[in-house]
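All remarks here apply to the structure that follows.
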Amino acid sequence: MIATDEGELHFQEYLVKRRAEPVVRGIRFDGGDNAIPAGGVLEAMGDADRILVCPSNPLISIARF
């Protein structure tokens, strides 16, 4: 959910319908506190020499709020 100067909007509504025009005040991820990685993910990351992050949208992919 995107907190904007015009209230809270679902991401798709903010991005598509509102064309990313309202000023972003914050982002809330529903269920994020309960999310867990799939089996083997942490081990693969721990064994990796490098990890490349290619976000589709920096706000939802890599930003921390």
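By convention here, the chains of the structure tokens are called A, B, ... in the order presented, each chain's residues are numbered starting at 1, and ligands are numbered starting at 1 in the order presented.
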
Discussion item. Give me, as a PyMOL selection string, the residues of chain A that a backbone DSSP run labels alpha helix (DSSP H).
Written reply: chain A and resi 11-12+41-47+58-61

Practice prompt. Taking the chain letters and numbering used in this document, name the residues of chain A that DSSP puts in strand (DSSP E or B), as a VMD selection string.
Written response: chain A and resid 2 to 4 7 to 9 24 to 27

Item to complete: Find the residues around segment 1-10 of chain A up to 6 Å (only C-alpha atoms counted), leave out those fewer than 5 positions away in its own chain, and share them as JSON, numbers by chain.
Response: {"A": [22, 23, 24, 25, 26, 27, 28]}

Worksheet item: How far is it from atom CA of Gly32 of chain A to atom CA of Lys17 of chain A, in Å with one decimal?
Response: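 Rounded to one decimal, the two atoms are 24.4 Å apart.
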